[in-house]
>>> print(open('input-v4.txt').read())   # compact mmCIF, C-alpha atoms (C1' of nucleotides)
# COMPACT_ATOMS: atom_id res chain seq x y z
CA MET A 5 0.00 0.00 0.00
CA THR A 6 1.30 3.46 -0.88
CA ASP A 7 1.21 6.54 1.31
CA ALA A 8 -1.83 8.75 1.60
CA CYS A 9 -1.98 11.51 -1.01
CA PRO A 10 0.42 14.31 -0.10
CA PRO A 11 -1.49 17.60 0.18
CA GLU A 12 0.79 19.41 -2.27
CA LEU A 13 -0.51 17.07 -4.99
CA LYS A 14 -4.20 17.56 -4.31
CA LEU A 15 -6.02 19.08 -7.26
CA ASP A 16 -7.94 21.59 -5.20
CA ASN A 17 -4.77 22.95 -3.64
CA GLN A 18 -3.27 23.91 -6.99
CA LEU A 19 -3.22 27.58 -7.97
CA CYS A 20 -2.72 26.49 -11.56
CA PHE A 21 -5.96 24.53 -11.49
CA ALA A 22 -7.94 27.41 -9.99
CA VAL A 23 -6.67 29.60 -12.82
CA TYR A 24 -7.22 26.93 -15.48
CA SER A 25 -10.73 26.32 -14.27
CA ALA A 26 -11.55 30.04 -14.04
CA THR A 27 -10.40 30.50 -17.64
CA HIS A 28 -12.98 28.00 -18.82
CA ALA A 29 -15.62 29.51 -16.56
CA PHE A 30 -14.92 32.92 -18.11
CA ALA A 31 -15.18 31.54 -21.63
CA GLN A 32 -18.54 29.99 -20.77
CA ALA A 33 -19.77 33.14 -19.07
CA TYR A 34 -18.80 35.29 -22.05
CA LYS A 35 -20.51 33.00 -24.50
CA PRO A 36 -24.08 34.32 -24.20
CA HIS A 37 -22.76 37.88 -24.63
CA LEU A 38 -20.51 37.09 -27.60
CA GLU A 39 -22.70 34.67 -29.48
CA PRO A 40 -25.14 37.41 -30.59
CA LEU A 41 -22.14 39.28 -32.02
CA GLY A 42 -20.88 36.14 -33.78
CA LEU A 43 -17.57 36.18 -31.89
CA THR A 44 -15.73 33.50 -29.93
CA TYR A 45 -13.84 34.52 -26.83
CA PRO A 46 -10.35 34.58 -28.43
CA GLN A 47 -11.82 36.51 -31.35
CA TYR A 48 -13.23 39.03 -28.86
CA LEU A 49 -9.73 39.56 -27.48
CA VAL A 50 -8.52 40.34 -30.99
CA MET A 51 -11.39 42.80 -31.40
CA LEU A 52 -10.42 44.55 -28.15
CA LEU A 53 -6.96 45.20 -29.61
CA LEU A 54 -8.31 46.36 -32.95
CA TRP A 55 -10.84 48.66 -31.33
CA GLU A 56 -7.91 50.22 -29.48
CA ARG A 57 -5.85 50.58 -32.64
CA ASP A 58 -6.66 49.46 -36.16
CA GLY A 59 -4.29 48.32 -38.89
CA ARG A 60 -2.03 46.18 -36.72
CA SER A 61 0.18 43.46 -38.12
CA VAL A 62 -0.27 39.82 -37.11
CA ASN A 63 2.73 40.15 -34.79
CA GLU A 64 1.35 43.32 -33.24
CA LEU A 65 -1.77 41.37 -32.33
CA GLY A 66 0.16 38.32 -31.20
CA ALA A 67 2.61 40.09 -28.91
CA PRO A 68 0.11 41.40 -26.32
CA LEU A 69 -2.01 38.25 -26.60
CA ARG A 70 1.07 36.01 -26.52
CA LEU A 71 -0.23 34.04 -29.49
CA ASP A 72 1.79 33.14 -32.56
CA SER A 73 0.86 33.01 -36.23
CA GLY A 74 -0.01 29.32 -35.94
CA THR A 75 -2.96 30.36 -33.80
CA LEU A 76 -3.72 33.78 -35.26
CA THR A 77 -3.56 33.11 -39.00
CA PRO A 78 -6.49 30.67 -39.10
CA LEU A 79 -8.40 32.67 -36.47
CA LEU A 80 -8.03 35.87 -38.49
CA LYS A 81 -9.06 34.05 -41.66
CA ARG A 82 -12.27 32.95 -39.95
CA MET A 83 -12.87 36.50 -38.78
CA GLU A 84 -12.22 37.80 -42.29
CA LYS A 85 -14.67 35.29 -43.73
CA ALA A 86 -17.24 36.37 -41.14
CA GLY A 87 -16.84 40.00 -42.20
CA PHE A 88 -15.22 41.52 -39.10
CA LEU A 89 -11.91 42.50 -40.70
CA THR A 90 -9.68 42.47 -43.78
CA ARG A 91 -6.19 41.01 -44.18
CA GLN A 92 -3.86 42.60 -46.68
CA ARG A 93 -0.14 42.75 -47.27
CA ASP A 94 1.64 45.93 -46.26
CA GLU A 95 2.70 47.81 -49.40
CA LYS A 96 6.03 48.93 -47.94
CA ASP A 97 6.96 45.51 -46.55
CA GLU A 98 5.27 42.57 -48.15
CA ARG A 99 6.24 40.25 -45.33
CA VAL A 100 3.70 41.98 -43.10
CA THR A 101 -0.03 41.28 -43.12
CA ARG A 102 -2.08 44.23 -41.87
CA ILE A 103 -5.44 43.72 -40.21
CA HIS A 104 -8.14 46.36 -40.62
CA LEU A 105 -11.63 46.36 -39.15
CA THR A 106 -14.55 46.53 -41.53
CA ALA A 107 -17.39 48.98 -40.88
CA HIS A 108 -19.26 46.08 -39.31
CA GLY A 109 -16.32 45.23 -37.08
CA LYS A 110 -16.02 48.82 -35.93
CA SER A 111 -19.72 49.11 -35.28
CA LEU A 112 -19.71 46.24 -32.79
CA ARG A 113 -17.70 48.25 -30.31
CA GLU A 114 -20.71 50.17 -29.09
CA THR A 115 -22.65 46.98 -28.44
CA ALA A 116 -19.63 45.41 -26.74
CA ARG A 117 -19.33 48.29 -24.28
CA ALA A 118 -22.05 46.72 -22.17
CA ILE A 119 -20.20 43.43 -21.74
CA PRO A 120 -17.56 44.33 -19.14
CA ALA A 121 -20.16 45.58 -16.66
CA ALA A 122 -22.17 42.37 -17.11
CA MET A 123 -19.08 40.26 -16.50
CA LEU A 124 -18.09 42.30 -13.45
CA CYS A 125 -21.50 41.54 -12.04
CA ALA A 126 -21.24 37.84 -12.89
CA SER A 127 -17.83 37.63 -11.21
CA GLY A 128 -19.27 38.64 -7.86
CA LEU A 129 -16.52 41.24 -7.39
CA ASP A 130 -16.57 44.99 -6.97
CA VAL A 131 -14.44 47.26 -9.12
CA ALA A 132 -11.62 47.50 -6.58
CA GLY A 133 -11.60 43.75 -5.97
CA LEU A 134 -11.45 43.08 -9.69
CA SER A 135 -8.56 45.47 -10.24
CA ASP A 136 -6.62 44.02 -7.38
CA LEU A 137 -7.17 40.41 -8.42
CA ARG A 138 -6.39 41.20 -12.05
CA ASP A 139 -3.09 42.85 -11.13
CA ARG A 140 -2.07 40.01 -8.84
CA ILE A 141 -2.77 37.37 -11.47
CA ALA A 142 -0.99 39.41 -14.11
CA GLU A 143 2.04 39.53 -11.80
CA VAL A 144 2.03 35.76 -11.42
CA GLY A 145 1.77 35.38 -15.19
CA ASP A 146 4.73 37.70 -15.64
CA ALA A 147 6.75 35.83 -13.01
CA LEU A 148 6.04 32.48 -14.68
CA ARG A 149 7.05 33.79 -18.08
CA GLN A 150 10.28 35.18 -16.68
CA ALA A 151 11.24 32.01 -14.78
CA MET B 24 -14.09 59.60 -36.43
CA THR B 25 -15.16 57.40 -33.54
CA ASP B 26 -14.50 58.03 -29.85
CA ALA B 27 -11.24 57.11 -28.18
CA CYS B 28 -11.17 53.58 -26.82
CA PRO B 29 -13.26 53.33 -23.66
CA PRO B 30 -11.10 52.01 -20.79
CA GLU B 31 -13.52 49.21 -19.98
CA LEU B 32 -12.67 47.68 -23.37
CA LYS B 33 -8.89 47.83 -23.02
CA LEU B 34 -7.33 44.41 -23.12
CA ASP B 35 -5.02 45.03 -20.19
CA ASN B 36 -7.92 46.06 -17.97
CA GLN B 37 -9.71 42.73 -18.37
CA LEU B 38 -9.63 40.27 -15.50
CA CYS B 39 -10.59 37.54 -17.94
CA PHE B 40 -7.50 38.23 -20.01
CA ALA B 41 -5.17 38.21 -17.00
CA VAL B 42 -6.58 34.80 -16.10
CA TYR B 43 -6.52 33.52 -19.69
CA SER B 44 -2.94 34.64 -20.11
CA ALA B 45 -1.85 33.19 -16.75
CA THR B 46 -3.34 29.83 -17.74
CA HIS B 47 -1.07 29.68 -20.77
CA ALA B 48 1.90 30.88 -18.73
CA PHE B 49 1.25 28.05 -16.25
CA ALA B 50 1.06 25.47 -19.01
CA GLN B 51 4.37 26.70 -20.40
CA ALA B 52 5.99 26.78 -16.98
CA TYR B 53 4.86 23.23 -16.22
CA LYS B 54 6.13 21.92 -19.52
CA PRO B 55 9.80 21.39 -18.58
CA HIS B 56 8.68 19.53 -15.44
CA LEU B 57 6.08 17.37 -17.17
CA GLU B 58 7.88 16.59 -20.40
CA PRO B 59 10.36 14.22 -18.67
CA LEU B 60 7.36 12.34 -17.27
CA GLY B 61 5.70 12.20 -20.69
CA LEU B 62 2.63 14.10 -19.51
CA THR B 63 0.81 17.14 -20.87
CA TYR B 64 -0.66 19.62 -18.42
CA PRO B 65 -4.29 18.37 -18.68
CA GLN B 66 -3.00 14.81 -18.34
CA TYR B 67 -1.15 15.86 -15.18
CA LEU B 68 -4.44 17.12 -13.73
CA VAL B 69 -5.96 13.69 -14.39
CA MET B 70 -3.00 12.06 -12.67
CA LEU B 71 -3.48 14.29 -9.62
CA LEU B 72 -7.02 12.93 -9.27
CA LEU B 73 -5.96 9.33 -9.80
CA TRP B 74 -3.11 9.62 -7.32
CA GLU B 75 -5.71 10.81 -4.80
CA ARG B 76 -8.04 7.95 -5.61
CA ASP B 77 -7.69 5.21 -8.19
CA GLY B 78 -10.42 3.40 -10.10
CA ARG B 79 -12.56 6.43 -10.85
CA SER B 80 -15.11 6.50 -13.65
CA VAL B 81 -14.84 8.97 -16.53
CA ASN B 82 -17.53 11.09 -14.89
CA GLU B 83 -15.75 11.02 -11.55
CA LEU B 84 -12.73 12.49 -13.29
CA GLY B 85 -14.74 14.95 -15.32
CA ALA B 86 -16.79 16.41 -12.48
CA PRO B 87 -13.94 18.00 -10.50
CA LEU B 88 -12.09 18.97 -13.68
CA ARG B 89 -15.28 20.24 -15.32
CA LEU B 90 -14.46 18.34 -18.50
CA ASP B 91 -16.87 16.13 -20.40
CA SER B 92 -16.36 12.81 -22.17
CA GLY B 93 -15.72 14.60 -25.44
CA THR B 94 -12.49 15.88 -23.94
CA LEU B 95 -11.66 13.03 -21.58
CA THR B 96 -12.26 9.98 -23.74
CA PRO B 97 -9.55 10.75 -26.30
CA LEU B 98 -7.23 12.13 -23.60
CA LEU B 99 -7.57 8.94 -21.55
CA LYS B 100 -7.03 6.82 -24.64
CA ARG B 101 -3.75 8.62 -25.27
CA MET B 102 -2.75 8.09 -21.65
CA GLU B 103 -3.66 4.41 -21.91
CA LYS B 104 -1.57 4.06 -25.04
CA ALA B 105 1.33 5.75 -23.25
CA GLY B 106 1.06 3.23 -20.40
CA PHE B 107 -0.10 5.46 -17.54
CA LEU B 108 -3.47 3.81 -16.98
CA THR B 109 -6.01 1.22 -18.08
CA ARG B 110 -9.62 1.73 -19.17
CA GLN B 111 -12.07 -1.06 -18.56
CA ARG B 112 -15.81 -1.43 -18.25
CA ASP B 113 -17.24 -1.80 -14.77
CA GLU B 114 -18.48 -5.37 -14.30
CA LYS B 115 -21.54 -4.34 -12.31
CA ASP B 116 -22.57 -1.56 -14.67
CA GLU B 117 -21.27 -1.82 -18.18
CA ARG B 118 -22.11 1.80 -18.96
CA VAL B 119 -19.24 2.87 -16.71
CA THR B 120 -15.59 2.94 -17.76
CA ARG B 121 -13.20 2.64 -14.81
CA ILE B 122 -9.74 4.14 -14.95
CA HIS B 123 -6.91 2.45 -13.06
CA LEU B 124 -3.29 3.54 -12.82
CA THR B 125 -0.64 1.13 -14.01
CA ALA B 126 2.41 0.46 -11.85
CA HIS B 127 4.23 3.01 -13.98
CA GLY B 128 1.48 5.58 -13.47
CA LYS B 129 1.57 5.06 -9.72
CA SER B 130 5.32 5.29 -9.58
CA LEU B 131 5.37 8.77 -11.08
CA ARG B 132 3.79 10.27 -8.00
CA GLU B 133 7.03 10.33 -6.07
CA THR B 134 8.79 12.18 -8.89
CA ALA B 135 5.87 14.57 -9.23
CA ARG B 136 6.04 15.55 -5.57
CA ALA B 137 8.86 17.95 -6.37
CA ILE B 138 6.83 19.87 -8.94
CA PRO B 139 4.54 22.00 -6.72
CA ALA B 140 7.48 23.51 -4.83
CA ALA B 141 9.20 24.37 -8.11
CA MET B 142 6.05 26.02 -9.41
CA LEU B 143 5.53 27.95 -6.18
CA CYS B 144 9.02 29.32 -6.61
CA ALA B 145 8.42 30.19 -10.27
CA SER B 146 5.19 32.01 -9.38
CA GLY B 147 7.05 34.48 -7.19
CA LEU B 148 4.53 33.97 -4.38
CA ASP B 149 4.88 32.73 -0.82
CA VAL B 150 2.68 29.94 0.53
CA ALA B 151 0.17 32.30 2.13
CA GLY B 152 -0.02 34.47 -0.99
CA LEU B 153 -0.62 31.44 -3.16
CA SER B 154 -3.40 30.10 -0.94
CA ASP B 155 -5.10 33.46 -0.82
CA LEU B 156 -4.90 34.03 -4.56
CA ARG B 157 -6.02 30.48 -5.31
CA ASP B 158 -9.08 30.79 -3.09
CA ARG B 159 -10.07 34.15 -4.53
CA ILE B 160 -9.79 32.91 -8.12
CA ALA B 161 -11.72 29.77 -7.24
CA GLU B 162 -14.48 31.98 -5.82
CA VAL B 163 -14.67 33.96 -9.04
CA GLY B 164 -14.84 30.72 -11.00
CA ASP B 165 -17.67 29.51 -8.82
CA ALA B 166 -19.51 32.81 -9.15
CA LEU B 167 -19.21 32.73 -12.95
CA ARG B 168 -20.48 29.18 -13.12
CA GLN B 169 -23.44 30.04 -10.95
CA ALA B 170 -24.38 33.20 -12.86
C1' DA C 12 -42.02 -9.26 -19.03
C1' DG C 13 -41.75 -5.23 -22.04
C1' DC C 14 -41.31 -0.52 -23.29
C1' DA C 15 -39.87 4.28 -22.24
C1' DA C 16 -36.86 7.36 -19.85
C1' DT C 17 -32.48 7.91 -17.95
C1' DT C 18 -27.58 7.36 -17.57
C1' DA C 19 -22.57 6.77 -19.06
C1' DT C 20 -19.58 6.88 -22.47
C1' DA C 21 -18.13 7.46 -27.15
C1' DT C 22 -18.18 9.93 -31.60
C1' DT C 23 -18.21 13.90 -34.82
C1' DG C 24 -17.20 18.48 -36.08
C1' DT C 25 -15.32 23.07 -35.11
C1' DG C 26 -12.09 26.21 -33.00
C1' DC C 27 -8.21 27.24 -30.33
C1' DG C 28 -2.92 26.81 -28.91
C1' DC C 29 1.70 25.64 -29.83
C1' DA C 30 6.02 23.32 -31.80
C1' DA C 31 8.33 22.76 -35.97
C1' DT C 32 8.90 23.71 -40.59
C1' DT C 33 8.22 26.25 -44.95
C1' DT C 34 7.76 30.18 -48.00
C1' DG C 35 8.79 34.49 -49.44
C1' DA C 36 10.54 39.28 -48.58
C1' DT C 37 13.99 42.29 -46.63
C1' DG C 38 18.50 43.65 -44.94
C1' DT C 39 23.50 43.14 -44.91
C1' DC C 40 27.95 42.82 -46.17
C1' DA C 41 31.82 41.27 -48.82
C1' DT D 5 25.68 42.79 -57.18
C1' DG D 6 25.15 38.37 -55.12
C1' DA D 7 25.31 35.03 -51.28
C1' DC D 8 23.57 34.83 -46.69
C1' DA D 9 21.29 35.78 -42.46
C1' DT D 10 17.04 37.59 -40.75
C1' DC D 11 12.29 38.37 -40.41
C1' DA D 12 6.95 37.87 -40.97
C1' DA D 13 3.41 34.83 -42.12
C1' DA D 14 1.65 30.70 -43.32
C1' DT D 15 1.44 25.69 -43.01
C1' DT D 16 1.44 21.08 -40.77
C1' DG D 17 0.61 18.07 -37.11
C1' DC D 18 -0.97 17.10 -32.55
C1' DG D 19 -3.58 17.80 -28.29
C1' DC D 20 -7.12 19.96 -25.83
C1' DA D 21 -12.22 21.90 -25.16
C1' DC D 22 -16.95 21.76 -26.08
C1' DA D 23 -21.60 21.38 -28.57
C1' DA D 24 -24.38 18.05 -30.56
C1' DT D 25 -25.36 13.55 -31.51
C1' DA D 26 -25.09 8.48 -31.24
C1' DT D 27 -24.74 4.08 -28.88
C1' DA D 28 -25.51 1.00 -25.44
C1' DA D 29 -26.71 -0.39 -20.63
C1' DT D 30 -29.72 0.27 -16.71
C1' DT D 31 -33.82 1.76 -14.29
C1' DG D 32 -38.64 2.62 -13.78
C1' DC D 33 -43.31 1.91 -14.90
C1' DT D 34 -47.25 -0.71 -16.12
>>> encode(input="input-v4.txt", output="structure tokens")
Amino acid sequence: MTDACPPELKLDNQLCFAVYSATHAFAQAYKPHLEPLGLTYPQYLVMLLLWERDGRSVNELGAPLRLDSGTLTPLLKRMEKAGFLTRQRDEKDERVTRIHLTAHGKSLRETARAIPAAMLCASGLDVAGLSDLRDRIAEVGDALRQA
Amino acid sequence: MTDACPPELKLDNQLCFAVYSATHAFAQAYKPHLEPLGLTYPQYLVMLLLWERDGRSVNELGAPLRLDSGTLTPLLKRMEKAGFLTRQRDEKDERVTRIHLTAHGKSLRETARAIPAAMLCASGLDVAGLSDLRDRIAEVGDALRQA
DNA sequence: AGCAATTATATTGTGCGCAATTTGATGTCA
DNA sequence: TGACATCAAATTGCGCACAATATAATTGCT
């Protein structure tokens, strides 16, 4: 017979699992808000960046999201096909693909403005609690990436 | 010209993105520890449950992980093929598939015991900070699932 | 006993996410 | 100018994650 399970190996004691599980919970919670817009959750993240600044390259989207072209290229093609954006080669440097929002893509921003408040509510946090938790998790992410 | 980007739609202000991004950072940080064992990160989570208690059904693995058979069945088949576990029908109720660790699967637990301390170190947190953050994220996950 | 509802798992199809490689364009330097 | 390194995207292959459906065993009802 082996030893009893050491507590450091219990699933519920793992920070990584709490984070992993919360990620899926977020994706599910966003779904009813994003489905009417025709967006998936990762596509919504791309839209957030493009609403901030249009005409980014694939790398300029991937850097903040920490996603590479293997993920972004097919995702952007689906979004292009769905009419949210266009993909065209930069005229100065043909290695670069520039992403521009369509009128439809731009217009969704106003609708999307209501989403963050709904998610704040669903999270059960207040604004200060959300900010604090967000910053702490971001710090852990940064530490893990640096290690 | 449209308005400047409203702060509630900035990527870096999103709790969901901090969590999403930390999940990927965790998976990357675990990789060098899990690769020598031959496990992926989701497979490691399954092992944590089986080290706690062997002979679970697919549902008994999926409930705590919040994963369904569409995810677990192929994952468990890969783990079976790799020699970590066996999958066999319950004799009393043939609807149920029971998962048992092989000797090899069991033996990995001792090696794995070193991983949580390494990850704690990589996270830049102390034990109290980790517990606190873990519990707060778990609460948000629960709130989102309930909403 | 026999049929319907329920339950557990498996299957199918779509969309990430990432490692590794490929393709094509740009920059550099002899 | 011409070979060579570098760079940006795209492609390929594999492993999750989940909705929807299918399959098969068990339970419940009459």
>>> atom_distance(input="input-v4.txt", atom1="C1' of DT5 (chain D)", atom2="C1' of DA36 (chain C)")
17.8 Å
>>> closest_residue(input="input-v4.txt", among="C:DC29, C:DA41, C:DA12, C:DT18", to="Arg70 (chain A)", atoms="all atoms listed in the file")
C:DC29
>>> residues_around(input="input-v4.txt", residues="Leu90 (chain B)", least_positions_apart="5", cutoff="8 Å", atoms="all atoms listed in the file", output="ChimeraX atom specification")
/B:85,95 /D:21
>>> interface_residues(input="input-v4.txt", of="chain A", to="chain D", cutoff="8 Å", atoms="only C-alpha atoms (C1' of nucleotides)", output="list in words")
Val62, Asn63, Ser73, Gly74, Thr77, Arg99, Val100 and Thr101 of chain A
>>> closest_residue(input="input-v4.txt", among="C:DT20, C:DT39, C:DT32, C:DT25", to="chain B", atoms="all atoms listed in the file")
C:DT20
>>> build_atoms(input="input-v4.txt", residues="region 12-46 of chain A", atoms="N, CA and C atoms", output="PDB file, in the coordinates of the input")
ATOM      1  N   GLU A  12       0.308  18.546  -1.187  1.00  0.00           N
ATOM      2  CA  GLU A  12       0.790  19.410  -2.270  1.00  0.00           C
ATOM      3  C   GLU A  12       0.429  18.863  -3.637  1.00  0.00           C
ATOM      4  N   LEU A  13      -0.077  17.637  -3.704  1.00  0.00           N
ATOM      5  CA  LEU A  13      -0.510  17.070  -4.990  1.00  0.00           C
ATOM      6  C   LEU A  13      -2.029  16.990  -5.118  1.00  0.00           C
ATOM      7  N   LYS A  14      -2.744  17.580  -4.166  1.00  0.00           N
ATOM      8  CA  LYS A  14      -4.200  17.560  -4.310  1.00  0.00           C
ATOM      9  C   LYS A  14      -4.663  18.612  -5.309  1.00  0.00           C
ATOM     10  N   LEU A  15      -5.556  18.192  -6.190  1.00  0.00           N
ATOM     11  CA  LEU A  15      -6.020  19.080  -7.260  1.00  0.00           C
ATOM     12  C   LEU A  15      -6.506  20.414  -6.729  1.00  0.00           C
ATOM     13  N   ASP A  16      -7.317  20.363  -5.680  1.00  0.00           N
ATOM     14  CA  ASP A  16      -7.940  21.590  -5.200  1.00  0.00           C
ATOM     15  C   ASP A  16      -6.967  22.537  -4.509  1.00  0.00           C
ATOM     16  N   ASN A  17      -5.775  22.070  -4.242  1.00  0.00           N
ATOM     17  CA  ASN A  17      -4.770  22.950  -3.640  1.00  0.00           C
ATOM     18  C   ASN A  17      -3.918  23.670  -4.679  1.00  0.00           C
ATOM     19  N   GLN A  18      -4.126  23.352  -5.935  1.00  0.00           N
ATOM     20  CA  GLN A  18      -3.270  23.910  -6.990  1.00  0.00           C
ATOM     21  C   GLN A  18      -3.780  25.272  -7.446  1.00  0.00           C
ATOM     22  N   LEU A  19      -2.903  26.269  -7.382  1.00  0.00           N
ATOM     23  CA  LEU A  19      -3.220  27.580  -7.970  1.00  0.00           C
ATOM     24  C   LEU A  19      -3.455  27.447  -9.464  1.00  0.00           C
ATOM     25  N   CYS A  20      -2.603  26.643 -10.109  1.00  0.00           N
ATOM     26  CA  CYS A  20      -2.720  26.490 -11.560  1.00  0.00           C
ATOM     27  C   CYS A  20      -4.094  25.980 -11.957  1.00  0.00           C
ATOM     28  N   PHE A  21      -4.649  25.080 -11.153  1.00  0.00           N
ATOM     29  CA  PHE A  21      -5.960  24.530 -11.490  1.00  0.00           C
ATOM     30  C   PHE A  21      -7.062  25.557 -11.282  1.00  0.00           C
ATOM     31  N   ALA A  22      -6.944  26.354 -10.224  1.00  0.00           N
ATOM     32  CA  ALA A  22      -7.940  27.410  -9.990  1.00  0.00           C
ATOM     33  C   ALA A  22      -7.960  28.365 -11.185  1.00  0.00           C
ATOM     34  N   VAL A  23      -6.779  28.679 -11.691  1.00  0.00           N
ATOM     35  CA  VAL A  23      -6.670  29.600 -12.820  1.00  0.00           C
ATOM     36  C   VAL A  23      -7.203  28.953 -14.096  1.00  0.00           C
ATOM     37  N   TYR A  24      -6.779  27.718 -14.318  1.00  0.00           N
ATOM     38  CA  TYR A  24      -7.220  26.930 -15.480  1.00  0.00           C
ATOM     39  C   TYR A  24      -8.744  26.826 -15.521  1.00  0.00           C
ATOM     40  N   SER A  25      -9.294  26.515 -14.371  1.00  0.00           N
ATOM     41  CA  SER A  25     -10.730  26.320 -14.270  1.00  0.00           C
ATOM     42  C   SER A  25     -11.481  27.642 -14.446  1.00  0.00           C
ATOM     43  N   ALA A  26     -10.921  28.723 -13.893  1.00  0.00           N
ATOM     44  CA  ALA A  26     -11.550  30.040 -14.040  1.00  0.00           C
ATOM     45  C   ALA A  26     -11.522  30.494 -15.502  1.00  0.00           C
ATOM     46  N   THR A  27     -10.476  30.143 -16.221  1.00  0.00           N
ATOM     47  CA  THR A  27     -10.400  30.500 -17.640  1.00  0.00           C
ATOM     48  C   THR A  27     -11.581  29.906 -18.400  1.00  0.00           C
ATOM     49  N   HIS A  28     -11.860  28.632 -18.132  1.00  0.00           N
ATOM     50  CA  HIS A  28     -12.980  28.000 -18.820  1.00  0.00           C
ATOM     51  C   HIS A  28     -14.308  28.591 -18.364  1.00  0.00           C
ATOM     52  N   ALA A  29     -14.387  28.908 -17.074  1.00  0.00           N
ATOM     53  CA  ALA A  29     -15.620  29.510 -16.560  1.00  0.00           C
ATOM     54  C   ALA A  29     -15.856  30.874 -17.226  1.00  0.00           C
ATOM     55  N   PHE A  30     -14.787  31.640 -17.416  1.00  0.00           N
ATOM     56  CA  PHE A  30     -14.920  32.920 -18.110  1.00  0.00           C
ATOM     57  C   PHE A  30     -15.410  32.711 -19.535  1.00  0.00           C
ATOM     58  N   ALA A  31     -14.798  31.774 -20.237  1.00  0.00           N
ATOM     59  CA  ALA A  31     -15.180  31.540 -21.630  1.00  0.00           C
ATOM     60  C   ALA A  31     -16.666  31.190 -21.722  1.00  0.00           C
ATOM     61  N   GLN A  32     -17.123  30.371 -20.776  1.00  0.00           N
ATOM     62  CA  GLN A  32     -18.540  29.990 -20.770  1.00  0.00           C
ATOM     63  C   GLN A  32     -19.428  31.182 -20.438  1.00  0.00           C
ATOM     64  N   ALA A  33     -18.970  32.001 -19.490  1.00  0.00           N
ATOM     65  CA  ALA A  33     -19.770  33.140 -19.070  1.00  0.00           C
ATOM     66  C   ALA A  33     -19.853  34.212 -20.158  1.00  0.00           C
ATOM     67  N   TYR A  34     -18.789  34.326 -20.944  1.00  0.00           N
ATOM     68  CA  TYR A  34     -18.800  35.290 -22.050  1.00  0.00           C
ATOM     69  C   TYR A  34     -19.710  34.842 -23.185  1.00  0.00           C
ATOM     70  N   LYS A  35     -19.845  33.545 -23.318  1.00  0.00           N
ATOM     71  CA  LYS A  35     -20.510  33.000 -24.500  1.00  0.00           C
ATOM     72  C   LYS A  35     -21.868  33.642 -24.819  1.00  0.00           C
ATOM     73  N   PRO A  36     -22.776  33.722 -23.860  1.00  0.00           N
ATOM     74  CA  PRO A  36     -24.080  34.320 -24.200  1.00  0.00           C
ATOM     75  C   PRO A  36     -23.983  35.784 -24.639  1.00  0.00           C
ATOM     76  N   HIS A  37     -22.927  36.486 -24.208  1.00  0.00           N
ATOM     77  CA  HIS A  37     -22.760  37.880 -24.630  1.00  0.00           C
ATOM     78  C   HIS A  37     -22.135  37.976 -26.018  1.00  0.00           C
ATOM     79  N   LEU A  38     -21.259  37.027 -26.341  1.00  0.00           N
ATOM     80  CA  LEU A  38     -20.510  37.090 -27.600  1.00  0.00           C
ATOM     81  C   LEU A  38     -21.228  36.420 -28.753  1.00  0.00           C
ATOM     82  N   GLU A  39     -22.034  35.413 -28.426  1.00  0.00           N
ATOM     83  CA  GLU A  39     -22.700  34.670 -29.480  1.00  0.00           C
ATOM     84  C   GLU A  39     -23.580  35.580 -30.355  1.00  0.00           C
ATOM     85  N   PRO A  40     -24.335  36.504 -29.748  1.00  0.00           N
ATOM     86  CA  PRO A  40     -25.140  37.410 -30.590  1.00  0.00           C
ATOM     87  C   PRO A  40     -24.270  38.236 -31.531  1.00  0.00           C
ATOM     88  N   LEU A  41     -23.036  38.512 -31.145  1.00  0.00           N
ATOM     89  CA  LEU A  41     -22.140  39.280 -32.020  1.00  0.00           C
ATOM     90  C   LEU A  41     -21.466  38.387 -33.054  1.00  0.00           C
ATOM     91  N   GLY A  42     -21.523  37.065 -32.850  1.00  0.00           N
ATOM     92  CA  GLY A  42     -20.880  36.140 -33.780  1.00  0.00           C
ATOM     93  C   GLY A  42     -19.416  35.924 -33.481  1.00  0.00           C
ATOM     94  N   LEU A  43     -18.982  36.287 -32.261  1.00  0.00           N
ATOM     95  CA  LEU A  43     -17.570  36.180 -31.890  1.00  0.00           C
ATOM     96  C   LEU A  43     -17.345  35.053 -30.896  1.00  0.00           C
ATOM     97  N   THR A  44     -16.188  34.391 -30.992  1.00  0.00           N
ATOM     98  CA  THR A  44     -15.730  33.500 -29.930  1.00  0.00           C
ATOM     99  C   THR A  44     -14.934  34.350 -28.936  1.00  0.00           C
ATOM    100  N   TYR A  45     -14.565  33.755 -27.831  1.00  0.00           N
ATOM    101  CA  TYR A  45     -13.840  34.520 -26.830  1.00  0.00           C
ATOM    102  C   TYR A  45     -12.449  34.978 -27.314  1.00  0.00           C
ATOM    103  N   PRO A  46     -11.634  34.095 -27.908  1.00  0.00           N
ATOM    104  CA  PRO A  46     -10.350  34.580 -28.430  1.00  0.00           C
ATOM    105  C   PRO A  46     -10.522  35.636 -29.523  1.00  0.00           C
TER     106      PRO A  46
END
